[in-house]
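First comes the structure, then the notes that go with it.
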Amino acid sequence: MLGLVSNGKTHAPGILQRVAQNLIDSHGARDAVLMLKPTANLPAAAILTEPFASTGQAIAELAGFADYPFATVPHPIGSLTTAEAMAVADAVTPSVLRLLTNTDPHPVSNREPIGGDASRSSSTDSALADVVEELATVLRADLTASVAGRHITLRLHIPDEACAECILPASMLAPMFGHRFDTELGPGWTLTLNDPREVGSAESAKPKRDGQELSSS
């Protein structure tokens with residue numbers, strides 16, 4: 001049994017149905033179910049268009065999985081003809097088969113939580129800077145951070161407007177970032193994420209704490 005999850009984009013259901021039919025016809029799959037949301041803990045193969053590969057990697061790493069594998073197809077697919085979309089499905093089917101039969105993601109090995117008490121230390125600041133740098137790397141964007149007590153304010157800097165749509169919105173990033181900080185620094189931290197895409201433009205001044213900026217660069 002195959003479970004396929006559609007994100008509702010143009011041609012997405014057709015491509016997934018074609019991939020499923022290819023696997024049924026040529027590789028012994030018995031049946032397929034197309035879903036809007038996952039309803040069971042099944043082996044999964046994610047298919048992303050190429051510009052969203054970095055976002056897929058970021059989501060996987062923030063969720064605790066390093067090097068989670070996924071298949072990619074050219075972008076965009078919405079403007080393709082039906083025949084072109086089916087050709088994309090045929091081309092990506094072998095990658096989907098490999099992911100369904102060989103996927104073995106490994107959870108990220110987390111550091112021991114530090115900074116569990118209310119006091120601030122140089123080790124806490126160092127760990128905070130490390131997390132900020134890690135998050136920036138997986139997003140392929142710049143992040144700066146300021147800290148007041150146990151509240152972290154992050155500002156997202158997107159250097160290229162073309163990258164803006166390839167990065168998840170702040171409403172989705174903030175809870176993942178918060179989980180990461182809790183895991184690495186210990187519970188009790190709160191987080192605000194400032195996203196220039198939501199306010200129209202990024203502020204020119206970068207946030208600082210005690211005159212020292214915590215930055216991804």
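Ligands are numbered from 1 in the order shown, residues from 1 within each chain, and chains are lettered A, B, ... in the order they appear in the structure tokens.
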
Residues near Val33 (chain A), cut-off 9 Å, only C-alpha atoms, skip fewer than 4 positions along chain, as an MDAnalysis selection string: chainID A and resid 1:5 17 20

Within 12 Å of Glu84 (chain A), counting only C-alpha atoms, which residues show up once you throw out same-chain ones fewer than 6 positions away? Write them as a list in words, please.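 Neighbouring residues, sequence-local ones excluded: His11, Gly14, Ile15, Val73, Pro74, Pro76, Ile77, Gly78, Asp90 and Ala91 of chain A.
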
For the strand (DSSP E or B) assignment from backbone DSSP, which residues of region 128-212 of chain A qualify? Please present them as a list in words.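 Taking region 128-212 of chain A and keeping strand (DSSP E or B) only, one gets Asp142, Leu143, Thr144, Ala145, Ser146, Val147, Ala148, His151, Ile152, Thr153, Leu154, Arg155, Leu156, His157, Thr190, Leu191, Thr192, Leu193, Asn194, Arg209 and Gln212 of chain A.
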
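Put simply, CA of Leu128 (chain A) is 14.8 Å away from CA of Leu193 (chain A).
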
Provide the CA of Thr192 (chain A) to CA of Cys166 (chain A) distance in Å, to one decimal place.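 One can read the CA of Thr192 (chain A) to CA of Cys166 (chain A) distance as 20.8 Å.
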
Contacts of Val131 (chain A) at 9 Å or less, counting only C-alpha atoms, minus same-chain residues fewer than 3 places along, as a list in words?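 So, after excluding close chain neighbours, the residues are Ser126, Ala127, Leu128, Glu134, Leu135, Ala136, Arg180, Phe181, Glu184 and Ser216 of chain A.
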
Atoms kept (N, CA, C and O atoms) for selection, written as a CSV table (one decimal), in the first residue's frame:
chain,number,residue,atom,x,y,z
A,126,SER,N,27.7,31.3,23.9
A,126,SER,CA,28.4,30.6,22.8
A,126,SER,C,27.5,29.6,22.1
A,126,SER,O,27.4,29.5,20.9
A,127,ALA,N,26.7,28.9,23.0
A,127,ALA,CA,25.8,27.9,22.4
A,127,ALA,C,24.7,28.5,21.6
A,127,ALA,O,24.2,28.0,20.6
A,128,LEU,N,24.2,29.7,22.1
A,128,LEU,CA,23.2,30.4,21.4
A,128,LEU,C,23.7,30.8,20.0
A,128,LEU,O,23.0,30.7,19.0
A,134,GLU,N,23.8,27.6,13.0
A,134,GLU,CA,23.2,26.4,12.4
A,134,GLU,C,21.9,26.6,11.7
A,134,GLU,O,21.7,26.2,10.6
A,135,LEU,N,21.0,27.4,12.3
A,135,LEU,CA,19.7,27.7,11.7
A,135,LEU,C,19.9,28.5,10.4
A,135,LEU,O,19.2,28.2,9.4
A,136,ALA,N,20.8,29.4,10.4
A,136,ALA,CA,21.1,30.2,9.2
A,136,ALA,C,21.6,29.4,8.1
A,136,ALA,O,21.3,29.5,6.9
A,180,ARG,N,14.2,24.1,18.7
A,180,ARG,CA,15.6,23.9,18.6
A,180,ARG,C,16.3,24.6,19.8
A,180,ARG,O,17.2,24.0,20.4
A,181,PHE,N,15.9,25.8,20.1
A,181,PHE,CA,16.5,26.4,21.3
A,181,PHE,C,16.2,25.7,22.6
A,181,PHE,O,17.1,25.6,23.4
A,184,GLU,N,18.6,22.7,22.6
A,184,GLU,CA,20.0,23.0,22.8
A,184,GLU,C,20.4,23.7,24.1
A,184,GLU,O,21.4,23.6,24.7
A,216,SER,N,24.8,35.2,12.5
A,216,SER,CA,25.1,34.0,11.7
A,216,SER,C,26.3,34.1,10.8
A,216,SER,O,26.8,33.1,10.2

To test your reading of the structure, identify every residue in region 4-199 of chain A that backbone DSSP assigns to alpha helix (DSSP H), and report it as number ranges by chain. A: 12-27, 53-62, 82-102, 122-139, 170-185, 196-199

Which residues come within 9 Å of Leu62 (chain A), counting only C-alpha atoms, excluding same-chain residues fewer than 3 positions away, as a PyMOL selection string? chain A and resi 57-59+65-66+108+135+138+176-177+179-180

A straight line from CA of Leu139 (chain A) to CA of Ile47 (chain A) spans 18.3 Å

Ranking A:Ala32, A:Asn102, A:Ala71, A:Asp160 by minimum distance to Phe52 (chain A) and counting only C-alpha atoms, which one comes first?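 Closest to Phe52 (chain A), using only C-alpha atoms: A:Ala71.
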
Which polymer residues have any atom within 12 Å of an atom of Leu99 (chain A), counting only C-alpha atoms, with same-chain residues fewer than 4 positions away left out, as a JSON list (two decimals) with C-alpha atoms, in the first residue's frame?
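result12.json, written as the output of this step:
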[["chain", "number", "residue", "atom", "x", "y", "z"],
["A", 43, "PRO", "CA", 7.42, 5.05, 4.74],
["A", 44, "ALA", "CA", 7.46, 8.37, 2.95],
["A", 45, "ALA", "CA", 9.14, 9.91, -0.07],
["A", 46, "ALA", "CA", 9.08, 13.68, -0.36],
["A", 47, "ILE", "CA", 9.12, 15.25, -3.83],
["A", 68, "TYR", "CA", 16.87, 13.38, 5.23],
["A", 69, "PRO", "CA", 16.62, 12.30, 1.58],
["A", 70, "PHE", "CA", 14.05, 13.56, -0.90],
["A", 71, "ALA", "CA", 13.51, 13.62, -4.64],
["A", 72, "THR", "CA", 13.55, 16.81, -6.69],
["A", 92, "VAL", "CA", 11.17, 10.98, -10.75],
["A", 93, "THR", "CA", 9.64, 7.52, -10.16],
["A", 94, "PRO", "CA", 13.03, 5.72, -9.79],
["A", 95, "SER", "CA", 14.08, 8.24, -7.11],
["A", 103, "THR", "CA", 15.39, 5.66, 3.40],
["A", 104, "ASP", "CA", 17.19, 5.56, 6.76],
["A", 105, "PRO", "CA", 17.23, 9.06, 8.27]]

Hey, which of A:Asn194, A:Thr10, A:Thr183, A:Thr101 ends up closest to Ala85 (chain A)? Count only C-alpha atoms.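 The closest residue to Ala85 (chain A) is A:Thr10.
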
Give me the residues within 9 Å of Leu156 (chain A) as an NGL selection string, counting only C-alpha atoms and dropping any in the same chain fewer than 2 places off. :A and (136 or 141-144 or 154 or 158 or 170 or 193-196 or 202)
